[in-house]
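Engineer: This is data.pdb (PDB, C-alpha atoms and all ligand atoms).
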ATOM      1  CA  MET A  52     -19.467  14.755 -25.757  1.00  0.00           C
ATOM      2  CA  LYS A  53     -18.692  17.837 -23.645  1.00  0.00           C
ATOM      3  CA  ASN A  54     -20.866  16.754 -20.718  1.00  0.00           C
ATOM      4  CA  PHE A  55     -19.974  13.112 -20.925  1.00  0.00           C
ATOM      5  CA  GLY A  56     -16.791  11.736 -19.393  1.00  0.00           C
ATOM      6  CA  ILE A  57     -15.261   8.285 -19.230  1.00  0.00           C
ATOM      7  CA  GLU A  58     -12.975   7.100 -16.442  1.00  0.00           C
ATOM      8  CA  VAL A  59     -11.341   3.904 -15.288  1.00  0.00           C
ATOM      9  CA  GLU A  60     -10.254   2.748 -11.846  1.00  0.00           C
ATOM     10  CA  THR A  61      -6.909   0.973 -11.987  1.00  0.00           C
ATOM     11  CA  GLY A  62      -3.376   0.865 -10.540  1.00  0.00           C
ATOM     12  CA  VAL A  63      -1.242  -2.011  -9.316  1.00  0.00           C
ATOM     13  CA  SER A  64       1.862  -2.816  -7.323  1.00  0.00           C
ATOM     14  CA  GLY A  65       4.322  -5.707  -7.492  1.00  0.00           C
ATOM     15  CA  ALA A  66       3.385  -6.889 -10.993  1.00  0.00           C
ATOM     16  CA  GLU A  67       5.620  -9.745 -12.118  1.00  0.00           C
ATOM     17  CA  LEU A  68       5.870 -12.546 -14.606  1.00  0.00           C
ATOM     18  CA  ALA A  69       5.192 -16.065 -13.269  1.00  0.00           C
ATOM     19  CA  GLY A  70       5.504 -18.568 -16.083  1.00  0.00           C
ATOM     20  CA  ASP A  71       2.942 -17.626 -18.731  1.00  0.00           C
ATOM     21  CA  GLN A  72       0.977 -15.501 -16.272  1.00  0.00           C
ATOM     22  CA  ILE A  73       1.261 -12.072 -14.706  1.00  0.00           C
ATOM     23  CA  THR A  74       0.490 -11.638 -11.027  1.00  0.00           C
ATOM     24  CA  GLY A  75       0.367  -8.667  -8.681  1.00  0.00           C
ATOM     25  CA  THR A  76      -1.845  -6.673  -6.330  1.00  0.00           C
ATOM     26  CA  TRP A  77      -4.363  -3.932  -7.014  1.00  0.00           C
ATOM     27  CA  LEU A  78      -3.610  -0.672  -5.187  1.00  0.00           C
ATOM     28  CA  PRO A  79      -5.794  -0.227  -2.074  1.00  0.00           C
ATOM     29  CA  THR A  80      -6.863   3.188  -3.412  1.00  0.00           C
ATOM     30  CA  PRO A  81      -7.380   3.041  -7.179  1.00  0.00           C
ATOM     31  CA  ARG A  82      -5.843   5.502  -9.595  1.00  0.00           C
ATOM     32  CA  VAL A  83      -8.443   7.147 -11.813  1.00  0.00           C
ATOM     33  CA  ILE A  84      -7.584   7.791 -15.477  1.00  0.00           C
ATOM     34  CA  ARG A  85      -9.870   9.969 -17.546  1.00  0.00           C
ATOM     35  CA  ALA A  86     -10.443   9.658 -21.309  1.00  0.00           C
ATOM     36  CA  GLY A  87      -9.588  12.595 -23.528  1.00  0.00           C
ATOM     37  CA  SER A  88      -5.820  12.873 -23.233  1.00  0.00           C
ATOM     38  CA  ALA A  89      -3.770  13.632 -26.327  1.00  0.00           C
ATOM     39  CA  TRP A  90      -2.175  10.178 -25.963  1.00  0.00           C
ATOM     40  CA  PRO A  91      -4.994   7.693 -25.374  1.00  0.00           C
ATOM     41  CA  ILE A  92      -3.994   4.424 -23.723  1.00  0.00           C
ATOM     42  CA  ALA A  93      -5.667   2.556 -26.592  1.00  0.00           C
ATOM     43  CA  VAL A  94      -3.384   4.163 -29.193  1.00  0.00           C
ATOM     44  CA  GLY A  95      -0.189   3.460 -27.254  1.00  0.00           C
ATOM     45  CA  LEU A  96      -1.228  -0.111 -26.540  1.00  0.00           C
ATOM     46  CA  LEU A  97      -2.130  -0.990 -30.135  1.00  0.00           C
ATOM     47  CA  ASN A  98       1.076   0.513 -31.506  1.00  0.00           C
ATOM     48  CA  MET A  99       3.209  -1.221 -28.908  1.00  0.00           C
ATOM     49  CA  ALA A 100       1.580  -4.632 -29.504  1.00  0.00           C
ATOM     50  CA  ARG A 101       1.681  -4.382 -33.287  1.00  0.00           C
ATOM     51  CA  PHE A 102       5.436  -4.933 -33.390  1.00  0.00           C
ATOM     52  CA  GLY A 103       5.579  -7.174 -30.364  1.00  0.00           C
ATOM     53  CA  ALA A 104       7.943 -10.070 -30.573  1.00  0.00           C
ATOM     54  CA  ASN A 105       7.899 -10.797 -26.851  1.00  0.00           C
ATOM     55  CA  TYR A 106       4.300 -10.488 -25.656  1.00  0.00           C
ATOM     56  CA  ALA A 107       5.144 -11.501 -22.082  1.00  0.00           C
ATOM     57  CA  GLU A 108       7.512  -8.534 -21.804  1.00  0.00           C
ATOM     58  CA  LEU A 109       5.050  -6.127 -23.420  1.00  0.00           C
ATOM     59  CA  ALA A 110       2.170  -7.314 -21.234  1.00  0.00           C
ATOM     60  CA  LEU A 111       4.289  -6.899 -18.099  1.00  0.00           C
ATOM     61  CA  LYS A 112       5.466  -3.425 -19.112  1.00  0.00           C
ATOM     62  CA  PHE A 113       1.888  -2.343 -19.848  1.00  0.00           C
ATOM     63  CA  THR A 114       0.542  -3.872 -16.627  1.00  0.00           C
ATOM     64  CA  LYS A 115       3.179  -2.154 -14.480  1.00  0.00           C
ATOM     65  CA  LYS A 116       2.316   1.186 -16.045  1.00  0.00           C
ATOM     66  CA  TYR A 117      -1.497   0.945 -16.226  1.00  0.00           C
ATOM     67  CA  GLY A 118      -2.781  -2.324 -14.735  1.00  0.00           C
ATOM     68  CA  PRO A 119      -4.287  -5.574 -16.044  1.00  0.00           C
ATOM     69  CA  LEU A 120      -6.102  -5.080 -19.347  1.00  0.00           C
ATOM     70  CA  THR A 121      -8.894  -7.622 -18.994  1.00  0.00           C
ATOM     71  CA  VAL A 122      -9.405  -8.001 -15.235  1.00  0.00           C
ATOM     72  CA  PRO A 123     -11.840  -5.762 -13.282  1.00  0.00           C
ATOM     73  CA  CYS A 124     -10.133  -3.597 -10.667  1.00  0.00           C
ATOM     74  CA  CYS A 125     -10.603  -4.907  -7.146  1.00  0.00           C
ATOM     75  CA  PRO A 126      -8.759  -2.573  -4.721  1.00  0.00           C
ATOM     76  CA  GLY A 127      -6.336  -4.273  -2.358  1.00  0.00           C
ATOM     77  CA  SER A 128      -6.773  -7.750  -3.853  1.00  0.00           C
ATOM     78  CA  PRO A 129      -4.308  -9.905  -5.769  1.00  0.00           C
ATOM     79  CA  PHE A 130      -4.785 -10.485  -9.505  1.00  0.00           C
ATOM     80  CA  ARG A 131      -3.592 -13.036 -12.026  1.00  0.00           C
ATOM     81  CA  PHE A 132      -4.070 -13.371 -15.780  1.00  0.00           C
ATOM     82  CA  SER A 133      -2.376 -15.150 -18.681  1.00  0.00           C
ATOM     83  CA  ILE A 134      -0.294 -13.570 -21.441  1.00  0.00           C
ATOM     84  CA  GLN A 135      -2.687 -15.178 -23.937  1.00  0.00           C
ATOM     85  CA  GLU A 136      -5.610 -13.374 -22.296  1.00  0.00           C
ATOM     86  CA  TRP A 137      -3.769 -10.069 -22.674  1.00  0.00           C
ATOM     87  CA  LYS A 138      -2.961 -10.811 -26.316  1.00  0.00           C
ATOM     88  CA  THR A 139      -6.600 -11.659 -27.041  1.00  0.00           C
ATOM     89  CA  GLY A 140      -7.703  -8.423 -25.348  1.00  0.00           C
ATOM     90  CA  VAL A 141      -5.346  -6.367 -27.531  1.00  0.00           C
ATOM     91  CA  GLY A 142      -6.575  -8.203 -30.652  1.00  0.00           C
ATOM     92  CA  GLN A 143     -10.173  -7.337 -29.784  1.00  0.00           C
ATOM     93  CA  LEU A 144      -9.280  -3.676 -29.348  1.00  0.00           C
ATOM     94  CA  GLN A 145      -7.631  -3.601 -32.771  1.00  0.00           C
ATOM     95  CA  GLN A 146     -10.803  -5.123 -34.235  1.00  0.00           C
ATOM     96  CA  THR A 147     -12.889  -2.458 -32.504  1.00  0.00           C
ATOM     97  CA  TRP A 148     -10.612   0.209 -33.988  1.00  0.00           C
ATOM     98  CA  ASP A 149     -10.953  -1.239 -37.495  1.00  0.00           C
ATOM     99  CA  ARG A 150     -14.701  -1.742 -37.181  1.00  0.00           C
ATOM    100  CA  ILE A 151     -15.450   1.750 -35.903  1.00  0.00           C
ATOM    101  CA  SER A 152     -13.064   3.527 -38.266  1.00  0.00           C
ATOM    102  CA  THR A 153     -14.621   1.908 -41.335  1.00  0.00           C
ATOM    103  CA  ALA A 154     -18.282   2.000 -40.281  1.00  0.00           C
ATOM    104  CA  ASN A 155     -20.708   4.742 -41.104  1.00  0.00           C
ATOM    105  CA  ARG A 156     -21.927   5.461 -37.623  1.00  0.00           C
ATOM    106  CA  LYS A 157     -24.900   7.505 -38.819  1.00  0.00           C
ATOM    107  CA  ALA A 158     -26.324   4.604 -40.781  1.00  0.00           C
ATOM    108  CA  LEU A 159     -25.657   1.786 -38.386  1.00  0.00           C
ATOM    109  CA  PRO A 160     -25.255   1.985 -34.628  1.00  0.00           C
ATOM    110  CA  ILE A 161     -22.356   0.051 -33.141  1.00  0.00           C
ATOM    111  CA  ASN A 162     -23.135  -1.465 -29.788  1.00  0.00           C
ATOM    112  CA  LEU A 163     -20.235  -1.570 -27.369  1.00  0.00           C
ATOM    113  CA  VAL A 164     -20.507  -4.213 -24.729  1.00  0.00           C
ATOM    114  CA  GLY A 165     -19.623  -3.204 -21.184  1.00  0.00           C
ATOM    115  CA  TYR A 166     -18.831  -5.463 -18.257  1.00  0.00           C
ATOM    116  CA  SER A 167     -20.204  -5.723 -14.769  1.00  0.00           C
ATOM    117  CA  GLY A 168     -19.136  -3.069 -12.332  1.00  0.00           C
ATOM    118  CA  GLU A 169     -19.592  -0.012 -14.553  1.00  0.00           C
ATOM    119  CA  TYR A 170     -21.485   2.910 -13.138  1.00  0.00           C
ATOM    120  CA  PHE A 171     -22.486   6.455 -14.015  1.00  0.00           C
ATOM    121  CA  SER A 172     -21.606   9.329 -11.773  1.00  0.00           C
ATOM    122  CA  VAL A 173     -23.656  12.507 -12.208  1.00  0.00           C
ATOM    123  CA  THR A 174     -22.478  15.912 -10.980  1.00  0.00           C
ATOM    124  CA  GLY A 175     -24.648  18.837 -12.072  1.00  0.00           C
ATOM    125  CA  GLU A 176     -24.747  18.614 -15.859  1.00  0.00           C
ATOM    126  CA  GLN A 177     -21.724  16.341 -16.051  1.00  0.00           C
ATOM    127  CA  ILE A 178     -22.236  12.606 -16.510  1.00  0.00           C
ATOM    128  CA  THR A 179     -19.269  10.277 -16.143  1.00  0.00           C
ATOM    129  CA  LEU A 180     -19.124   6.603 -16.922  1.00  0.00           C
ATOM    130  CA  ARG A 181     -16.701   4.861 -14.658  1.00  0.00           C
ATOM    131  CA  THR A 182     -15.440   1.364 -15.448  1.00  0.00           C
ATOM    132  CA  ARG A 183     -13.131  -0.997 -13.607  1.00  0.00           C
ATOM    133  CA  ARG A 184     -11.712  -2.620 -16.715  1.00  0.00           C
ATOM    134  CA  LEU A 185      -8.966  -1.062 -18.820  1.00  0.00           C
ATOM    135  CA  ASP A 186     -10.110  -2.843 -21.997  1.00  0.00           C
ATOM    136  CA  THR A 187     -13.592  -1.360 -21.610  1.00  0.00           C
ATOM    137  CA  PHE A 188     -12.022   2.050 -21.017  1.00  0.00           C
ATOM    138  CA  ALA A 189      -9.807   1.670 -24.101  1.00  0.00           C
ATOM    139  CA  THR A 190     -12.851   0.640 -26.172  1.00  0.00           C
ATOM    140  CA  PHE A 191     -14.667   3.824 -25.148  1.00  0.00           C
ATOM    141  CA  GLU A 192     -11.529   5.869 -25.782  1.00  0.00           C
ATOM    142  CA  ILE A 193     -11.673   4.629 -29.373  1.00  0.00           C
ATOM    143  CA  ALA A 194     -15.451   5.051 -29.700  1.00  0.00           C
ATOM    144  CA  ARG A 195     -15.470   8.680 -28.539  1.00  0.00           C
ATOM    145  CA  VAL A 196     -13.255   9.765 -31.463  1.00  0.00           C
ATOM    146  CA  PRO A 197     -15.187  10.667 -34.647  1.00  0.00           C
ATOM    147  CA  ALA A 198     -14.841   7.643 -36.977  1.00  0.00           C
ATOM    148  CA  PRO A 199     -13.059   9.445 -39.870  1.00  0.00           C
ATOM    149  CA  LEU A 200     -10.280  10.518 -37.498  1.00  0.00           C
ATOM    150  CA  LEU A 201      -9.406   6.990 -36.342  1.00  0.00           C
ATOM    151  CA  ARG A 202      -6.568   6.117 -38.655  1.00  0.00           C
ATOM    152  CA  VAL A 203      -3.909   3.607 -39.528  1.00  0.00           C
ATOM    153  CA  CYS A 204      -0.913   5.421 -41.044  1.00  0.00           C
ATOM    154  CA  ALA A 205      -0.628   4.862 -44.819  1.00  0.00           C
ATOM    155  CA  ASN A 206       3.107   4.279 -44.355  1.00  0.00           C
ATOM    156  CA  VAL A 207       2.433   0.981 -42.577  1.00  0.00           C
ATOM    157  CA  ARG A 208       4.414  -2.104 -43.575  1.00  0.00           C
ATOM    158  CA  ARG A 209       1.745  -4.363 -45.101  1.00  0.00           C
ATOM    159  CA  LEU A 210       3.844  -7.354 -46.115  1.00  0.00           C
ATOM    160  CA  GLU A 211       6.433  -9.168 -44.036  1.00  0.00           C
ATOM    161  CA  THR A 212       8.604  -9.399 -47.149  1.00  0.00           C
ATOM    162  CA  MET A 213       8.901  -5.618 -47.443  1.00  0.00           C
ATOM    163  CA  GLN A 214      12.472  -4.918 -46.461  1.00  0.00           C
ATOM    164  CA  ARG A 215      12.756  -1.205 -46.007  1.00  0.00           C
ATOM    165  CA  SER A 216      13.289   0.173 -42.547  1.00  0.00           C
ATOM    166  CA  ASP A 217      11.485   3.500 -42.883  1.00  0.00           C
ATOM    167  CA  PHE A 218       7.991   2.102 -42.373  1.00  0.00           C
ATOM    168  CA  CYS A 219       5.790   3.537 -39.648  1.00  0.00           C
ATOM    169  CA  ARG A 220       6.381   2.378 -36.077  1.00  0.00           C
ATOM    170  CA  THR A 221       3.221   3.995 -34.657  1.00  0.00           C
ATOM    171  CA  PRO A 222       0.510   3.250 -37.252  1.00  0.00           C
ATOM    172  CA  ASN A 223      -2.576   3.685 -35.073  1.00  0.00           C
ATOM    173  CA  PHE A 224      -3.163   7.403 -34.741  1.00  0.00           C
ATOM    174  CA  ILE A 225      -5.892   9.958 -34.267  1.00  0.00           C
ATOM    175  CA  ALA A 226      -5.894  12.445 -37.107  1.00  0.00           C
ATOM    176  CA  SER A 227      -6.673  16.110 -36.544  1.00  0.00           C
ATOM    177  CA  ASP A 228      -8.189  16.379 -40.026  1.00  0.00           C
ATOM    178  CA  LYS A 229      -9.948  13.645 -41.973  1.00  0.00           C
ATOM    179  CA  ARG A 230      -7.693  14.218 -45.003  1.00  0.00           C
ATOM    180  CA  GLU A 231      -4.580  13.199 -43.069  1.00  0.00           C
ATOM    181  CA  LYS A 232      -3.161   9.900 -44.310  1.00  0.00           C
ATOM    182  CA  TYR A 233       0.077   9.746 -42.363  1.00  0.00           C
ATOM    183  CA  CYS A 234       0.758   9.867 -38.635  1.00  0.00           C
ATOM    184  CA  SER A 235       3.712  12.241 -39.084  1.00  0.00           C
ATOM    185  CA  GLU A 236       5.678  14.307 -41.548  1.00  0.00           C
ATOM    186  CA  GLN A 237       8.442  11.659 -41.512  1.00  0.00           C
ATOM    187  CA  CYS A 238       5.973   8.972 -42.609  1.00  0.00           C
ATOM    188  CA  ALA A 239       4.585  11.190 -45.383  1.00  0.00           C
ATOM    189  CA  GLN A 240       8.107  11.795 -46.694  1.00  0.00           C
ATOM    190  CA  ALA A 241       9.115   8.126 -46.410  1.00  0.00           C
ATOM    191  CA  ALA A 242       6.032   7.039 -48.366  1.00  0.00           C
ATOM    192  CA  GLN A 243       6.680   9.669 -51.023  1.00  0.00           C
ATOM    193  CA  ARG A 244      10.290   8.486 -51.435  1.00  0.00           C
ATOM    194  CA  ARG A 245       9.092   4.880 -51.803  1.00  0.00           C
ATOM    195  CA  VAL A 246       6.508   5.770 -54.458  1.00  0.00           C
ATOM    196  CA  LYS A 247       9.165   7.658 -56.440  1.00  0.00           C
ATOM    197  CA  LEU A 248      11.598   4.763 -56.171  1.00  0.00           C
ATOM    198  CA  GLU A 249       9.002   2.200 -57.268  1.00  0.00           C
ATOM    199  CA  TRP A 250       8.023   4.358 -60.218  1.00  0.00           C
ATOM    200  CA  TRP A 251      11.652   4.746 -61.142  1.00  0.00           C
ATOM    201  CA  ASN A 252      12.285   0.997 -60.944  1.00  0.00           C
ATOM    202  CA  GLU A 253       9.291   0.231 -63.131  1.00  0.00           C
ATOM    203  CA  ASN A 254       9.585   2.948 -65.737  1.00  0.00           C
ATOM    204  CA  ARG A 255      13.108   4.174 -65.999  1.00  0.00           C
ATOM    205  CA  ARG A 256      15.720   1.751 -64.863  1.00  0.00           C
ATOM    206  CA  GLY A 257      15.225  -0.699 -67.754  1.00  0.00           C
ATOM    207  CA  LYS A 258      15.144   1.997 -70.396  1.00  0.00           C
ATOM    208  CA  GLN A 259      18.156   3.768 -69.001  1.00  0.00           C
ATOM    209  CA  ASN A 260      20.512   0.801 -69.234  1.00  0.00           C
ATOM    210  CA  GLY A 261      22.855   1.588 -72.107  1.00  0.00           C
ATOM    211  CA  THR A 262      20.510   4.033 -73.755  1.00  0.00           C
ATOM    212  CA  GLN A 263      21.287   7.229 -71.878  1.00  0.00           C
ATOM    213  CA  LYS A 264      24.667   8.899 -71.856  1.00  0.00           C
ATOM    214  CA  ALA A 265      26.377   9.549 -68.564  1.00  0.00           C
ATOM    215  CA  ARG A 266      26.135  13.166 -67.513  1.00  0.00           C
TER     216      ARG A 266
HETATM  217 ZN    ZN A 301       3.261   6.708 -39.577  1.00  0.00          ZN
END
If you took the structure in this file and wrote it as structure tokens, what would it be?
Structural biologist:
Amino acid sequence: MKNFGIEVETGVSGAELAGDQITGTWLPTPRVIRAGSAWPIAVGLLNMARFGANYAELALKFTKKYGPLTVPCCPGSPFRFSIQEWKTGVGQLQQTWDRISTANRKALPINLVGYSGEYFSVTGEQITLRTRRLDTFATFEIARVPAPLLRVCANVRRLETMQRSDFCRTPNFIASDKREKYCSEQCAQAAQRRVKLEWWNENRRGKQNGTQKAR
């Protein structure tokens, strides 16, 4: 992937919430974001949306920072999209993440659909794909990571009924080694504590009642 780059044209001003829609204006001169940063937009977006209670607020915050997720960049023009559209776009990205991370890419190619307006720019030996849609960019950000390194932290809260507060808040992560199960040392320790506690509850608590002398 050394000679292949991915970029997106984006950038907005005056983004605001209008009912169940977000409106604003594309910058006259687009900002260009290049894939390959240590903090991909896709990772931040999926983690932020996973715990979203107020999608309108999240969508607005994201749009102010990066631009509309599902609308092609059109410099200088106004834009408008619905919160539902944004939510659907995020859902599709999470599906892409799950699909790519669990697929064996050597056995079965995964075709990623682009949108109109993408183009390749070639400079010497460097080829760059430039898109005008952030969701397309985020899809490629995910696809360029080797599948075994696309992870969901094992310390994720899987059931709504689970009450503990030390579950992972940033479950989507890119591992640096395919043996990594947790996004951070804190998550590894929290999971270890929970396993110990569950084991204790199942195996020891009952037996200990009245049978063991106080130390
Ligand atoms: Zn974690």
Engineer: Applied to the shown file, which residues does the PyMOL selection byres (((chain A and resi 122) around 8) and not hetatm) return, written as a list in words?
Structural biologist: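 Matching residues under the PyMOL selection byres (((chain A and resi 122) around 8) and not hetatm) are Pro119, Leu120, Thr121, Pro123, Cys124, Phe130, Phe132, Arg184 and Leu185 of chain A.
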Engineer: I'd like the interatomic distance between atom CA of Tyr233 of chain A and atom CA of Ala205 of chain A, to a tenth of an Å.
Structural biologist: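 The value is 5.5 Å.
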Engineer: Using all atoms listed in the file, what are the residues with an atom within 7 Å of ligand ZN 301 (chain A), set out as number ranges by chain?
Structural biologist: A: 204-207, 219-222, 233-235, 238
Engineer: Convert the output of the PyMOL selection byres (((chain A and resi 100) around 12) and not hetatm) on the shown file into explicit residues, formatted as JSON, numbers by chain.
Structural biologist: {"A": [93, 94, 95, 96, 97, 98, 99, 101, 102, 103, 104, 105, 106, 107, 108, 109, 110, 111, 112, 113, 137, 138, 139, 140, 141, 142, 144, 145, 220, 221, 222, 223]}
Engineer: Which residue is closest to Arg202 of chain A? Choose from A:Arg82, A:Arg150, A:Lys53, A:Lys247 and count only C-alpha atoms.
Structural biologist: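 Of all the options, A:Arg150 lies closest to Arg202 of chain A.
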Engineer: Using the chain letters and numbers from the file, give me the residues hit by the PyMOL selection byres (((chain A and resi 165) around 12) and not hetatm), as a count of residues only.
Structural biologist: 22
Engineer: With distances taken over only C-alpha atoms, which of A:Asp71, A:Glu60, A:Glu231, A:Asp217 is nearest to Glu136 of chain A?
Structural biologist: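 Among the listed residues, A:Asp71 lies closest to Glu136 of chain A.
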Engineer: What separation in Å, quoted to one decimal, exists between atom CA of Gly118 of chain A and atom CA of Leu201 of chain A?
Structural biologist: 24.4 Å
Engineer: Would you work out the distance separating atom CA of Cys125 of chain A from atom CA of Leu78 of chain A, expressed in Å to one decimal?
Structural biologist: 8.4 Å
Engineer: Taking only C-alpha atoms into account, which of A:Glu253, A:Glu236, A:Glu192, A:Asp228 comes nearest Val59 of chain A?
Structural biologist: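 Smallest distance to Val59 of chain A is found for A:Glu192.
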Engineer: Write out as a PDB file with C-alpha atoms, in the frame of the given file which residues come within 9 Å of Phe55 of chain A when counting all atoms listed in the file, dropping same-chain ones fewer than 6 positions away.
Structural biologist:
ATOM      1  CA  GLU A 176     -24.747  18.614 -15.859  1.00  0.00           C
ATOM      2  CA  GLN A 177     -21.724  16.341 -16.051  1.00  0.00           C
ATOM      3  CA  ILE A 178     -22.236  12.606 -16.510  1.00  0.00           C
ATOM      4  CA  THR A 179     -19.269  10.277 -16.143  1.00  0.00           C
ATOM      5  CA  LEU A 180     -19.124   6.603 -16.922  1.00  0.00           C
TER       6      LEU A 180
END
Engineer: From the options A:Ala242, A:Lys229, A:Ser216, A:Val173, which residue's atoms come nearest to Pro199 of chain A, counting all atoms listed in the file?
Structural biologist: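 Smallest separation from Pro199 of chain A among the options: A:Lys229.
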Engineer: Residues within 8 Å of Thr147 of chain A, please, as an MDAnalysis selection string. Count only C-alpha atoms; anything in the same chain fewer than 4 positions from it doesn't count.
Structural biologist: chainID A and resid 143 151 190 193
Engineer: Using all atoms listed in the file, determine which residues lie at most 12 Å from Gly127 of chain A, disregarding the query and same-chain residues fewer than 6 positions distant; provide the list as JSON, numbers by chain.
Structural biologist: {"A": [61, 62, 63, 64, 65, 75, 76, 77, 78, 79, 80, 81]}
Engineer: Could you tell me, as a ChimeraX atom specification, which residues have any atom at most 7 Å from (-0.6, -15.7, -17.4), counting all atoms listed in the file?
Structural biologist: /A:70-73,131-135
Engineer: Using all atoms listed in the file, find the one residue out of A:Trp148, A:Ala226, A:Tyr117, A:Ala154 that sits nearest to Leu200 of chain A.
Structural biologist: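 Closest to Leu200 of chain A, using all atoms listed in the file: A:Ala226.
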